[in-house]
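Chemist: Following this line is target_16.cif, made up of mmCIF, C-alpha atoms and all ligand atoms:
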data_my_file
#
loop_
_atom_site.label_atom_id
_atom_site.label_comp_id
_atom_site.auth_asym_id
_atom_site.auth_seq_id
_atom_site.Cartn_x
_atom_site.Cartn_y
_atom_site.Cartn_z
CA MET I 233 89.85 -26.08 40.05
CA THR I 234 92.90 -26.38 37.90
CA SER I 235 92.89 -29.77 36.17
CA GLU I 236 91.60 -30.56 32.70
CA LEU I 237 89.42 -33.31 34.18
CA GLY I 238 87.99 -30.85 36.73
CA ARG I 239 86.93 -28.52 33.89
CA ARG I 240 85.28 -31.43 32.05
CA ILE I 241 83.39 -32.55 35.15
CA ALA I 242 82.21 -28.96 35.73
CA ARG I 243 80.91 -28.74 32.12
CA ARG I 244 79.05 -32.03 32.59
CA ILE I 245 77.47 -30.76 35.84
CA ALA I 246 76.50 -27.44 34.21
CA ILE I 247 74.58 -29.39 31.55
CA ALA I 248 73.20 -32.40 33.41
CA GLY I 249 73.19 -31.39 37.09
CA PRO I 250 75.08 -32.51 40.21
CA ILE I 251 76.68 -35.96 40.40
CA SER I 252 77.11 -38.27 43.39
CA VAL I 253 80.42 -38.30 45.27
CA ALA I 254 80.82 -41.89 44.00
CA ASP I 255 80.43 -40.76 40.38
CA PHE I 256 82.92 -37.96 41.01
CA MET I 257 85.41 -40.40 42.57
CA ALA I 258 84.93 -42.94 39.76
CA GLU I 259 85.62 -40.23 37.17
CA ALA I 260 88.54 -38.70 39.09
CA LEU I 261 90.27 -42.09 39.45
CA GLY I 262 89.05 -44.01 36.40
CA HIS I 263 88.42 -41.56 33.52
CA PRO I 264 89.83 -43.43 30.48
CA THR I 265 92.56 -40.87 29.72
CA LEU I 266 92.64 -38.31 32.55
CA GLY I 267 91.75 -40.43 35.60
CA TYR I 268 94.31 -40.64 38.39
CA TYR I 269 94.71 -44.42 38.08
CA ARG I 270 94.89 -44.26 34.28
CA ARG I 271 97.64 -41.75 33.73
CA ALA I 272 100.00 -41.24 36.63
CA MET I 273 102.64 -43.44 38.25
CA PRO I 274 101.18 -42.81 41.69
CA LEU I 275 103.26 -45.15 43.88
CA GLY I 276 106.62 -44.80 45.56
CA ALA I 277 108.75 -41.97 46.90
CA ALA I 278 108.27 -39.88 43.74
CA GLY I 279 104.53 -40.58 43.63
CA ASP I 280 101.77 -39.51 45.96
CA PHE I 281 101.96 -42.33 48.51
CA THR I 282 103.76 -45.54 49.36
CA THR I 283 102.39 -48.95 50.32
CA ALA I 284 103.43 -51.88 52.51
CA PRO I 285 105.05 -53.97 49.73
CA GLU I 286 107.05 -50.89 48.68
CA ILE I 287 108.26 -50.40 52.26
CA SER I 288 109.80 -53.86 52.62
CA GLN I 289 110.18 -57.16 50.77
CA MET I 290 109.09 -58.86 54.01
CA PHE I 291 105.46 -57.92 53.36
CA GLY I 292 105.17 -59.70 50.00
CA GLU I 293 107.26 -62.64 51.21
CA LEU I 294 104.90 -63.32 54.13
CA VAL I 295 101.80 -62.87 51.97
CA GLY I 296 103.37 -65.41 49.61
CA ALA I 297 103.87 -67.83 52.49
CA TRP I 298 100.22 -67.36 53.49
CA LEU I 299 99.01 -68.04 49.93
CA ALA I 300 101.20 -71.14 49.55
CA GLU I 301 99.93 -72.49 52.88
CA ARG I 302 96.32 -71.92 51.70
CA TRP I 303 97.12 -73.76 48.45
CA GLN I 304 98.34 -76.74 50.46
CA ALA I 305 95.28 -76.52 52.74
CA MET I 306 93.12 -76.70 49.59
CA GLY I 307 94.85 -79.96 48.59
CA ASN I 308 97.40 -78.56 46.08
CA PRO I 309 94.95 -77.89 43.21
CA GLY I 310 96.37 -77.28 39.74
CA PRO I 311 95.91 -75.04 37.98
CA VAL I 312 95.07 -72.50 40.66
CA ARG I 313 94.09 -68.98 39.60
CA LEU I 314 96.45 -66.73 41.54
CA VAL I 315 94.83 -63.29 41.34
CA GLU I 316 96.00 -59.91 42.53
CA LEU I 317 93.60 -56.96 42.48
CA GLY I 318 95.45 -53.70 41.82
CA PRO I 319 99.03 -55.05 41.81
CA GLY I 320 100.66 -51.59 41.61
CA ARG I 321 104.31 -51.97 40.64
CA GLY I 322 104.10 -55.78 40.93
CA THR I 323 106.33 -55.72 44.01
CA LEU I 324 104.06 -57.71 46.35
CA MET I 325 103.54 -60.51 43.81
CA ALA I 326 107.22 -60.63 42.80
CA ASP I 327 108.28 -60.95 46.47
CA ALA I 328 105.53 -63.52 47.13
CA LEU I 329 106.62 -65.67 44.18
CA ARG I 330 110.34 -65.45 45.00
CA ALA I 331 109.62 -66.48 48.59
CA THR I 332 107.61 -69.56 47.53
CA ARG I 333 110.03 -70.98 44.94
CA SER I 334 110.81 -73.97 47.12
CA VAL I 335 107.20 -74.98 47.88
CA PRO I 336 106.94 -78.26 45.93
CA GLY I 337 104.57 -78.00 42.97
CA PHE I 338 103.27 -74.53 43.83
CA HIS I 339 104.79 -72.56 40.96
CA ALA I 340 103.89 -75.26 38.42
CA ALA I 341 100.24 -74.98 39.54
CA ILE I 342 100.02 -71.17 39.32
CA ASP I 343 98.02 -69.44 36.59
CA LEU I 344 98.62 -65.73 37.31
CA HIS I 345 95.86 -63.12 36.75
CA LEU I 346 96.27 -59.40 37.43
CA VAL I 347 93.32 -57.03 37.67
CA GLU I 348 94.66 -53.60 36.73
CA THR I 349 93.40 -50.52 34.88
CA ASN I 350 96.58 -48.43 34.81
CA GLU I 351 98.60 -49.17 31.66
CA MET I 352 101.85 -47.78 33.06
CA LEU I 353 101.57 -49.97 36.12
CA ALA I 354 100.57 -52.98 33.96
CA ALA I 355 103.74 -52.45 31.88
CA ARG I 356 105.80 -52.45 35.05
CA GLN I 357 104.01 -55.63 36.26
CA ALA I 358 104.79 -57.25 32.89
CA THR I 359 108.49 -56.61 33.47
CA VAL I 360 108.77 -57.91 37.01
CA LEU I 361 106.40 -60.88 36.59
CA SER I 362 107.23 -61.97 33.02
CA ALA I 363 108.44 -65.41 34.12
CA PHE I 364 104.87 -66.22 35.21
CA LYS I 365 103.18 -65.11 31.95
CA PRO I 366 100.36 -63.17 33.63
CA SER I 367 96.98 -62.37 32.07
CA TRP I 368 95.49 -58.91 32.71
CA HIS I 369 91.85 -58.04 33.29
CA GLU I 370 89.91 -54.86 33.97
CA ARG I 371 87.61 -56.63 36.42
CA PHE I 372 87.66 -59.61 38.79
CA ASP I 373 84.66 -61.30 37.12
CA GLN I 374 86.78 -61.70 33.95
CA VAL I 375 89.14 -64.13 35.72
CA PRO I 376 88.40 -67.65 34.44
CA ALA I 377 86.70 -70.19 36.70
CA GLY I 378 88.79 -72.53 38.84
CA PRO I 379 90.29 -72.75 42.34
CA LEU I 380 91.23 -69.29 43.55
CA LEU I 381 93.98 -67.64 45.56
CA LEU I 382 93.47 -63.88 45.69
CA VAL I 383 95.26 -60.98 47.31
CA ALA I 384 94.29 -57.31 47.33
CA ASN I 385 96.41 -54.74 49.15
CA GLU I 386 95.12 -51.16 49.15
CA PHE I 387 92.62 -51.90 46.37
CA PHE I 388 89.21 -51.58 48.05
CA ASP I 389 90.09 -48.10 49.35
CA ALA I 390 90.16 -46.84 45.74
CA LEU I 391 86.60 -47.98 44.98
CA PRO I 392 84.04 -45.13 44.80
CA VAL I 393 81.96 -44.30 47.89
CA ARG I 394 78.67 -42.47 48.17
CA GLN I 395 78.46 -39.98 51.04
CA PHE I 396 75.43 -39.06 53.13
CA HIS I 397 74.50 -36.45 55.73
CA LYS I 398 71.77 -36.91 58.34
CA THR I 399 69.37 -33.96 58.27
CA ALA I 400 66.25 -33.31 60.34
CA ARG I 401 64.31 -35.11 57.58
CA GLY I 402 66.57 -38.17 57.40
CA TRP I 403 69.62 -39.16 55.36
CA SER I 404 70.42 -37.01 52.30
CA GLU I 405 73.07 -37.82 49.72
CA ARG I 406 76.01 -35.44 49.35
CA MET I 407 76.46 -34.43 45.73
CA VAL I 408 79.13 -32.61 43.73
CA GLY I 409 77.75 -29.53 42.00
CA LEU I 410 79.04 -26.07 41.13
CA SER I 411 79.84 -23.11 43.39
CA SER I 412 77.40 -20.17 43.23
CA ASP I 413 79.59 -18.36 40.68
CA GLY I 414 79.70 -21.58 38.61
CA LYS I 415 83.50 -21.49 38.51
CA SER I 416 84.46 -24.38 40.75
CA LEU I 417 83.18 -27.70 42.03
CA ALA I 418 81.34 -27.61 45.35
CA PHE I 419 79.53 -30.04 47.64
CA ALA I 420 75.77 -29.75 48.09
CA LEU I 421 73.12 -32.00 49.61
CA ALA I 422 70.54 -33.59 47.33
CA PRO I 423 67.05 -32.34 48.13
CA GLY I 424 64.87 -34.91 49.89
CA SER I 425 65.77 -38.24 51.37
CA THR I 426 67.78 -40.99 49.72
CA PRO I 427 66.68 -44.48 48.62
CA PHE I 428 69.93 -45.73 50.18
CA ALA I 429 68.65 -44.91 53.68
CA ALA I 430 67.87 -48.58 54.30
CA PHE I 431 71.61 -49.37 54.05
CA LEU I 432 72.71 -46.58 56.41
CA PRO I 433 73.22 -46.78 60.18
CA GLU I 434 71.09 -45.26 62.93
CA ALA I 435 72.60 -41.86 63.69
CA ALA I 436 71.80 -38.43 65.11
CA GLU I 437 71.20 -35.34 63.00
CA GLY I 438 74.49 -33.96 61.65
CA ALA I 439 76.08 -37.42 61.25
CA GLU I 440 77.89 -38.52 58.09
CA ALA I 441 77.95 -41.94 56.44
CA GLU I 442 79.55 -43.66 53.46
CA LEU I 443 78.51 -46.56 51.26
CA CYS I 444 80.81 -48.43 48.87
CA GLU I 445 78.54 -50.33 46.50
CA GLN I 446 81.38 -51.62 44.29
CA GLY I 447 83.27 -52.92 47.32
CA ARG I 448 80.23 -54.79 48.59
CA ALA I 449 79.51 -56.25 45.15
CA LEU I 450 83.12 -57.36 44.77
CA ALA I 451 83.16 -58.96 48.23
CA ALA I 452 79.95 -60.80 47.33
CA ASP I 453 81.57 -62.04 44.07
CA ILE I 454 84.62 -63.26 45.96
CA GLY I 455 82.46 -65.10 48.52
CA THR I 456 80.39 -66.74 45.79
CA ARG I 457 83.47 -67.67 43.84
CA VAL I 458 85.41 -69.33 46.70
CA MET I 459 82.34 -71.38 47.61
CA ARG I 460 81.77 -72.43 43.99
CA ASP I 461 85.34 -73.25 42.94
CA GLY I 462 87.21 -73.47 46.26
CA GLY I 463 89.70 -70.87 47.31
CA TRP I 464 90.92 -68.13 49.62
CA ALA I 465 91.20 -64.38 49.44
CA LEU I 466 93.31 -62.03 51.56
CA LEU I 467 92.08 -58.43 51.71
CA ILE I 468 94.38 -55.83 53.30
CA ASP I 469 93.50 -52.17 53.61
CA TYR I 470 93.12 -49.35 56.08
CA GLY I 471 89.66 -49.17 57.49
CA ARG I 472 87.35 -50.23 60.26
CA ASP I 473 85.90 -53.53 61.42
CA VAL I 474 82.35 -52.47 62.22
CA SER I 475 80.00 -50.48 60.01
CA GLY I 476 78.74 -47.19 61.45
CA PRO I 477 78.47 -43.48 60.88
CA GLY I 478 81.48 -41.43 59.79
CA SER I 479 83.13 -40.07 56.69
CA SER I 480 86.65 -40.90 55.61
CA LEU I 481 87.09 -39.88 51.98
CA GLN I 482 90.48 -38.20 51.66
CA ALA I 483 92.67 -36.64 48.99
CA VAL I 484 96.45 -37.01 48.85
CA ARG I 485 98.91 -35.37 46.49
CA ALA I 486 102.69 -35.63 46.83
CA HIS I 487 102.41 -37.35 50.25
CA ARG I 488 100.24 -34.51 51.69
CA GLY I 489 96.54 -34.03 52.31
CA ALA I 490 94.79 -32.09 49.56
CA ASP I 491 91.35 -30.65 48.78
CA LEU I 492 88.87 -33.34 47.67
CA LEU I 493 87.49 -31.43 44.71
CA ASP I 494 90.61 -29.57 43.62
CA ARG I 495 92.50 -31.01 40.62
CA PRO I 496 90.63 -34.31 40.08
CA GLY I 497 92.75 -36.74 38.08
CA GLU I 498 95.94 -35.35 39.64
CA THR I 499 95.04 -36.26 43.22
CA ASP I 500 94.62 -39.65 44.85
CA LEU I 501 91.21 -40.16 46.41
CA SER I 502 90.58 -42.99 48.84
CA ALA I 503 88.21 -43.93 51.65
CA HIS I 504 88.56 -46.16 54.68
CA VAL I 505 87.32 -49.65 53.91
CA ASP I 506 84.23 -50.76 55.84
CA PHE I 507 85.26 -54.36 56.55
CA GLY I 508 82.03 -54.96 58.46
CA ALA I 509 80.08 -54.22 55.27
CA LEU I 510 82.40 -56.43 53.19
CA ALA I 511 81.97 -59.36 55.61
CA ALA I 512 78.18 -58.87 55.58
CA ALA I 513 78.19 -58.83 51.76
CA VAL I 514 80.20 -62.08 51.66
CA ARG I 515 77.79 -63.77 54.07
CA ALA I 516 74.68 -62.51 52.26
CA ALA I 517 75.97 -63.87 48.94
CA ALA I 518 77.49 -67.12 50.21
CA SER I 519 76.27 -68.06 53.67
CA LYS I 520 78.79 -70.91 54.05
CA ALA I 521 81.84 -68.84 53.07
CA ARG I 522 84.17 -68.32 56.00
CA VAL I 523 85.43 -64.92 57.06
CA PHE I 524 88.48 -64.49 59.34
CA GLY I 525 89.36 -61.14 60.87
CA PRO I 526 89.60 -58.32 60.30
CA THR I 527 92.71 -58.29 62.41
CA GLY I 528 95.49 -55.72 62.65
CA GLN I 529 98.26 -55.91 60.07
CA GLY I 530 100.78 -55.89 62.94
CA ASP I 531 99.25 -58.99 64.57
CA PHE I 532 98.85 -60.74 61.23
CA LEU I 533 102.46 -60.20 60.12
CA GLN I 534 103.86 -61.19 63.51
CA GLN I 535 101.87 -64.42 63.54
CA LEU I 536 103.35 -65.14 60.12
CA GLY I 537 106.86 -64.60 61.53
CA ILE I 538 107.90 -61.12 60.40
CA ARG I 539 110.21 -60.67 63.39
CA GLN I 540 112.08 -63.88 62.56
CA ARG I 541 112.29 -62.83 58.91
CA ALA I 542 113.67 -59.43 59.93
CA ASP I 543 116.29 -61.15 62.13
CA MET I 544 117.37 -63.31 59.19
CA LEU I 545 117.71 -60.28 56.91
CA MET I 546 119.76 -58.50 59.56
CA THR I 547 122.17 -61.37 60.19
CA HIS I 548 124.61 -60.56 57.40
CA ALA I 549 123.61 -56.93 56.92
CA SER I 550 125.69 -53.77 57.41
CA PRO I 551 124.65 -51.40 60.23
CA PRO I 552 122.77 -49.05 57.82
CA GLN I 553 120.98 -52.05 56.28
CA ARG I 554 120.06 -53.35 59.73
CA HIS I 555 118.67 -49.95 60.60
CA ALA I 556 116.59 -49.94 57.38
CA VAL I 557 115.15 -53.41 58.07
CA ASP I 558 114.24 -52.45 61.62
CA ALA I 559 112.66 -49.16 60.49
CA ALA I 560 110.58 -51.03 57.88
CA LEU I 561 109.55 -53.63 60.48
CA GLN I 562 108.33 -50.92 62.84
CA ARG I 563 106.50 -49.11 60.05
CA LEU I 564 104.63 -52.26 59.06
CA ILE I 565 103.69 -53.52 62.55
CA ALA I 566 103.79 -50.71 65.13
CA PRO I 567 100.32 -49.70 66.37
CA ASP I 568 101.01 -46.00 65.80
CA GLN I 569 102.10 -46.68 62.21
CA MET I 570 100.47 -49.30 59.93
CA GLY I 571 100.03 -52.09 62.50
CA THR I 572 96.54 -51.25 63.74
CA LEU I 573 94.93 -48.95 61.16
CA PHE I 574 95.60 -51.49 58.41
CA ARG I 575 93.24 -54.44 58.70
CA VAL I 576 93.54 -57.93 57.25
CA MET I 577 90.53 -60.09 56.41
CA ALA I 578 90.45 -63.56 54.84
CA VAL I 579 87.52 -65.06 52.95
CA GLY I 580 87.55 -68.75 52.13
CA ASP I 581 85.63 -71.88 51.35
CA ASP I 582 84.27 -74.26 53.99
CA ARG I 583 86.44 -77.18 52.87
CA SER I 584 89.90 -76.27 54.17
CA ALA I 585 91.30 -75.74 57.67
CA ALA I 586 91.51 -72.27 59.26
CA PRO I 587 94.30 -70.00 57.99
CA VAL I 588 97.24 -68.70 60.02
CA GLY I 589 97.43 -65.07 61.06
CA PHE I 590 94.05 -64.58 62.73
CA GLU I 591 94.59 -65.60 66.37
CA PRO I 592 93.26 -62.83 68.64
CA GLY I 593 95.82 -60.10 69.56
CA ILE I 594 99.08 -61.63 70.70
CA SER I 595 101.35 -59.01 69.26
CA GLY I 596 103.18 -57.31 72.13
CA VAL I 597 104.56 -54.86 69.60
CA THR I 598 107.52 -52.82 70.72
C1 LIG I 601 96.88 -47.94 46.03
S1 LIG I 601 97.45 -48.84 44.65
C2 LIG I 601 98.01 -50.31 45.46
C3 LIG I 601 99.04 -51.04 44.66
C4 LIG I 601 99.60 -52.32 45.28
N1 LIG I 601 98.57 -53.26 45.66
C5 LIG I 601 100.48 -52.01 46.46
O1 LIG I 601 100.13 -52.37 47.57
O2 LIG I 601 101.53 -51.40 46.25
C6 LIG I 601 95.94 -49.33 43.86
C7 LIG I 601 96.12 -50.24 42.67
O3 LIG I 601 94.82 -50.60 42.15
C8 LIG I 601 94.72 -50.21 40.78
N2 LIG I 601 93.32 -49.84 40.60
C9 LIG I 601 92.68 -48.81 41.18
N3 LIG I 601 91.37 -48.82 40.86
C10 LIG I 601 91.19 -49.90 40.08
C11 LIG I 601 90.03 -50.47 39.45
N4 LIG I 601 88.83 -49.91 39.58
N5 LIG I 601 90.19 -51.59 38.74
C12 LIG I 601 91.42 -52.17 38.63
N6 LIG I 601 92.54 -51.67 39.20
C13 LIG I 601 92.42 -50.55 39.91
C14 LIG I 601 95.73 -49.11 40.64
O4 LIG I 601 96.13 -48.86 39.33
C15 LIG I 601 96.85 -49.63 41.50
O5 LIG I 601 97.58 -50.65 40.85
#
As C-alpha cells, what does this structure read like?
Ligand SMILES: C[S@@+](CC[C@H](N)C(=O)[O-])C[C@H]1O[C@@H](n2cnc3c(N)ncnc32)[C@H](O)[C@@H]1O

Modeler:
Amino acid sequence: MTSELGRRIARRIAIAGPISVADFMAEALGHPTLGYYRRAMPLGAAGDFTTAPEISQMFGELVGAWLAERWQAMGNPGPVRLVELGPGRGTLMADALRATRSVPGFHAAIDLHLVETNEMLAARQATVLSAFKPSWHERFDQVPAGPLLLVANEFFDALPVRQFHKTARGWSERMVGLSSDGKSLAFALAPGSTPFAAFLPEAAEGAEAELCEQGRALAADIGTRVMRDGGWALLIDYGRDVSGPGSSLQAVRAHRGADLLDRPGETDLSAHVDFGALAAAVRAAASKARVFGPTGQGDFLQQLGIRQRADMLMTHASPPQRHAVDAALQRLIAPDQMGTLFRVMAVGDDRSAAPVGFEPGISGVT
C-alpha cells in the first residue's frame, strides 16, 4: 500500500475495525482531498481511461438529439432543467448543445445543472459550457424542481458497492481490514450473516454478489422526480440487465487493470451497473414511471442514426480523418467493443410518447 490515502484508511481500520467495501470505495473515490474523483484529471489519453464522448463527437451529438426530441415530446416546457450527472470534461454536453442549436426554442428553455464533485473537472466544464451559465451541485437532489432532462454516462459505475460472499451459513459481507502483519489492506469476511441478505439473489455456496445502495436510491429519486415534474432520463453505463450473483468491482490505473486495495485515491474503482436493480428501484418508488431498455449502446446509437452521421462527417474528410471516424464508429457500436457491454436505459414520465432508440435489436453491426 503506497498511497497517502491508503495509510490513512489503514490507521482508521487499526482503531475502529474493518470497513465495508462500499465505505472503502466511497473513501477511495470521494475523500475530500485525496479521493480519486477529487484530485486527479482521470479522463482521456493521459488519464486512466477514456469514455464514449471522448472517443467521438458523434456520441454527444446523438444524445443531444435524443434529449431535444424528449423535450418536444414533453410539449416544449420552459424552463427545463437539463442535468448531467458526472459531466467529466464537459464534452458530451458541449457536443449535445452544439448539435441542437437549430431546434426552435430548445436552447432558450434550457437551465443547465451539472452534478460534479471534482473541482478540476468542474473548472473544465465551466470553460466549455460557459455560454449556458451552468449551476453546479454535489448531488442530484439539490437540482431545483421543474421539468427534467437528465443524462448520465459512466456515472453509476462510480457509486460505491457492497460485496458479499455466500458461505455455508448464508451471505456474509466482504470487508476491508488489515493483513496479519498489519502493514497492508486486506479483504476479510464479516463474521455471521448480513442484514442485506434479503436484497441478495438465490445462489450456491461460494457465490459472490454486489449491492449498490446509492445507485438504487438515485434511480428511485429520478423515477419520483420525472413522475412529479415531468421529464426523461438517459442512463448509459457498462453493466448487466438482470440482477444476479457475481462480482465486478475493478481497479484501473493508466489504462491497465490494477489491484483493488493498492494505492486508493490514485486508482479508478468502478463496478458494473446492475440495471435490473435500478429499474426495480424506479418502479418501487414511482410505479407509473416508464422504463425503456436496457438496450445495447450499439443498437441505441444506430437507431439514432450514427451511421448516417459518420457518413456526413466522412464526406469532406481526408483519408486519415475518414479512418478516424470509422474507427470511432466501430469502437462505439461494435459488439466486441462498447456496443453490447454498454447498456442504455431511459426513465420517463407517463405523459409523453415512447422515446427513440429502444426498438429490439436491429443493429446488424459490421
Ligand atoms: C467516469 S467519469 C465520466 C465522465 C463523463 N460522463 C464522460 O462520459 O466522459 C465520472 C464522472 O462522475 C464524477 N463523479 C464521480 N463520482 C461522483 C459523485 N459521487 N458525485 C458527483 N460526481 C461524481 C467524476 O468526477 C466524473 O466527472

Chemist: Closest to ligand LIG 601 (chain I) among I:Leu564, I:Leu353, I:Leu294, I:Ala341, using all atoms listed in the file?

Modeler: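 When distances to ligand LIG 601 (chain I) are compared using all atoms listed in the file, the smallest one comes from I:Leu353.
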
Chemist: Using atom CA of Gly571 of chain I and atom CA of Asp500 of chain I as the two end points, give the distance in Å to one decimal.

Modeler: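 Rounded to one decimal, the two atoms are 22.3 Å apart.
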
Chemist: Would you list the contacts of segment 325-340 of chain I as a count of residues only, taking every protein, DNA or RNA residue within 7 Å and counting all atoms listed in the file, but skipping same-chain residues closer than 3 positions in sequence?

Modeler: 10

Chemist: Please measure the separation of atom CA of Val393 of chain I and atom CA of Gly249 of chain I, giving the value in Å to one decimal.

Modeler: 19.0 Å

Chemist: Let me make sure I understand: among I:Val312, I:Ala441, I:Glu236, I:Val484, which one has the smallest atom-to-atom distance to ligand LIG 601 (chain I) if we use all atoms listed in the file?

Modeler: I:Val484

Chemist: Residues within 6 Å of ligand LIG 601 (chain I) should be enumerated using all atoms listed in the file and returned as a PyMOL selection string.

Modeler: chain I and resi 269+283-285+318-320+347-350+370+385-387+390

Chemist: With C-alpha atoms retained, write the just-selected residues as an mmCIF file, keeping the file's coordinate frame.

Modeler:
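The resulting again.cif:
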data_model
loop_
_atom_site.group_PDB
_atom_site.id
_atom_site.type_symbol
_atom_site.label_atom_id
_atom_site.label_comp_id
_atom_site.auth_asym_id
_atom_site.auth_seq_id
_atom_site.Cartn_x
_atom_site.Cartn_y
_atom_site.Cartn_z
ATOM 1 C CA TYR I 269 94.710 -44.420 38.080
ATOM 2 C CA THR I 283 102.390 -48.950 50.320
ATOM 3 C CA ALA I 284 103.430 -51.880 52.510
ATOM 4 C CA PRO I 285 105.050 -53.970 49.730
ATOM 5 C CA GLY I 318 95.450 -53.700 41.820
ATOM 6 C CA PRO I 319 99.030 -55.050 41.810
ATOM 7 C CA GLY I 320 100.660 -51.590 41.610
ATOM 8 C CA VAL I 347 93.320 -57.030 37.670
ATOM 9 C CA GLU I 348 94.660 -53.600 36.730
ATOM 10 C CA THR I 349 93.400 -50.520 34.880
ATOM 11 C CA ASN I 350 96.580 -48.430 34.810
ATOM 12 C CA GLU I 370 89.910 -54.860 33.970
ATOM 13 C CA ASN I 385 96.410 -54.740 49.150
ATOM 14 C CA GLU I 386 95.120 -51.160 49.150
ATOM 15 C CA PHE I 387 92.620 -51.900 46.370
ATOM 16 C CA ALA I 390 90.160 -46.840 45.740
#

Chemist: Each residue of segment 455-529 of chain I lying at most 12 Å from segment 418-423 of chain I should get a row with its shortest atom-to-atom pair and the distance in Å to one decimal, counting all atoms listed in the file; could you produce that, ordered by chain and increasing number, as CSV?

Modeler:
residue,atom,partner,partner_atom,distance
I:Asp491,CA,I:Ala418,CA,11.0
I:Leu492,CA,I:Ala418,CA,9.7
I:Leu493,CA,I:Ala418,CA,7.3
I:Asp494,CA,I:Ala418,CA,9.6

Chemist: Excluding Arg313 of chain I and any residue of its chain fewer than 5 positions from it, enumerate the residues within 12 Å of it, using only C-alpha atoms, and give them as a ChimeraX atom specification.

Modeler: /I:299,303,338-346,364,366-367,372,374-383,457-458,461-465

Chemist: Taking all atoms listed in the file into account, which of I:Arg394, I:Arg563, I:Arg321, I:His263 comes nearest Val408 of chain I?

Modeler: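 Closest residue, counting all atoms listed in the file: I:Arg394.
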
Chemist: Between atom CA of Leu443 of chain I and atom CA of Ser502 of chain I, what is the distance in Å, rounded to a tenth?

Modeler: 12.8 Å

Chemist: So which residues touch Asp453 of chain I within 12 Å, counting all atoms listed in the file, skipping near sequence neighbours fewer than 3 positions away, as a list of chain:residue names?

Modeler: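 Returned residues: I:Arg371, I:Phe372, I:Asp373, I:Gln374, I:Val375, I:Gln446, I:Gly447, I:Arg448, I:Ala449, I:Leu450, I:Thr456, I:Arg457, I:Val458, I:Met459, I:Arg460, I:Asp461, I:Ala465, I:Leu510, I:Ala511, I:Ala513, I:Val514, I:Arg515, I:Ala516, I:Ala517, I:Ala518, I:Ala521, I:Val579.
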
Chemist: Considering only C-alpha atoms, state which residue in the set I:Leu466, I:Gly528, I:Ala566, I:Arg583 is at the smallest distance from Trp298 of chain I.

Modeler: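 Selected residue with least distance to Trp298 of chain I: I:Leu466.
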
Chemist: Restricting the calculation to all atoms listed in the file: of I:Ser519, I:Gln569, I:Ser412, I:Ser550, which residue gets closest to Tyr470 of chain I?

Modeler: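 Closest to Tyr470 of chain I, using all atoms listed in the file: I:Gln569.
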
Chemist: At a cut-off of 12 Å, using only C-alpha atoms, what residues contact Pro427 of chain I? Leave out same-chain residues fewer than 3 positions from it and give the result as a list of chain:residue names.

Modeler: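 Here the qualifying residues turn out to be I:Phe396, I:Gly402, I:Trp403, I:Ser404, I:Glu405, I:Ala422, I:Gly424, I:Ala430, I:Phe431, I:Leu432.
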
Chemist: What's the 12 Å shell around Arg244 of chain I, counting only C-alpha atoms, without same-chain residues fewer than 3 positions away, as a VMD selection string?

Modeler: chain I and resid 237 to 241 247 to 251 255 to 256 259 408 to 410 417

Chemist: Which of these residues is nearest to Leu533 of chain I, using all atoms listed in the file: I:Glu437, I:Asp389, I:Glu591, I:Glu316?

Modeler: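 That would be I:Glu591, the residue with the smallest distance to Leu533 of chain I.
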
Chemist: Emit as JSON the padded axis-aligned box for all listed atoms of segment 241-248 of chain I, 4 Å per side, with centre and edge lengths in Å to one decimal.

Modeler:
{"center_x": 78.3, "center_y": -30.0, "center_z": 33.7, "size_x": 18.2, "size_y": 13.1, "size_z": 12.3}

Chemist: Hey, could you patch up segment 551-561 of chain I with N, CA and C atoms and hand it over as a JSON list (two decimals), in the coordinates of the input?

Modeler:
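Result went into out.json, see below:
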[["chain", "number", "residue", "atom", "x", "y", "z"],
["I", 551, "PRO", "N", 125.46, -52.18, 59.27],
["I", 551, "PRO", "CA", 124.65, -51.40, 60.23],
["I", 551, "PRO", "C", 123.57, -50.54, 59.56],
["I", 552, "PRO", "N", 123.87, -49.82, 58.44],
["I", 552, "PRO", "CA", 122.77, -49.05, 57.82],
["I", 552, "PRO", "C", 121.65, -49.95, 57.30],
["I", 553, "GLN", "N", 122.02, -51.12, 56.76],
["I", 553, "GLN", "CA", 120.98, -52.05, 56.28],
["I", 553, "GLN", "C", 120.14, -52.56, 57.43],
["I", 554, "ARG", "N", 120.81, -52.86, 58.55],
["I", 554, "ARG", "CA", 120.06, -53.35, 59.73],
["I", 554, "ARG", "C", 119.07, -52.30, 60.20],
["I", 555, "HIS", "N", 119.54, -51.06, 60.19],
["I", 555, "HIS", "CA", 118.67, -49.95, 60.60],
["I", 555, "HIS", "C", 117.46, -49.87, 59.67],
["I", 556, "ALA", "N", 117.70, -50.05, 58.36],
["I", 556, "ALA", "CA", 116.59, -49.94, 57.38],
["I", 556, "ALA", "C", 115.59, -51.07, 57.59],
["I", 557, "VAL", "N", 116.07, -52.28, 57.86],
["I", 557, "VAL", "CA", 115.15, -53.41, 58.07],
["I", 557, "VAL", "C", 114.32, -53.17, 59.32],
["I", 558, "ASP", "N", 114.99, -52.68, 60.38],
["I", 558, "ASP", "CA", 114.24, -52.45, 61.62],
["I", 558, "ASP", "C", 113.22, -51.32, 61.45],
["I", 559, "ALA", "N", 113.60, -50.28, 60.72],
["I", 559, "ALA", "CA", 112.66, -49.16, 60.49],
["I", 559, "ALA", "C", 111.45, -49.65, 59.70],
["I", 560, "ALA", "N", 111.69, -50.51, 58.69],
["I", 560, "ALA", "CA", 110.58, -51.03, 57.88],
["I", 560, "ALA", "C", 109.69, -51.92, 58.73],
["I", 561, "LEU", "N", 110.32, -52.74, 59.59],
["I", 561, "LEU", "CA", 109.55, -53.63, 60.48],
["I", 561, "LEU", "C", 108.60, -52.80, 61.34]]
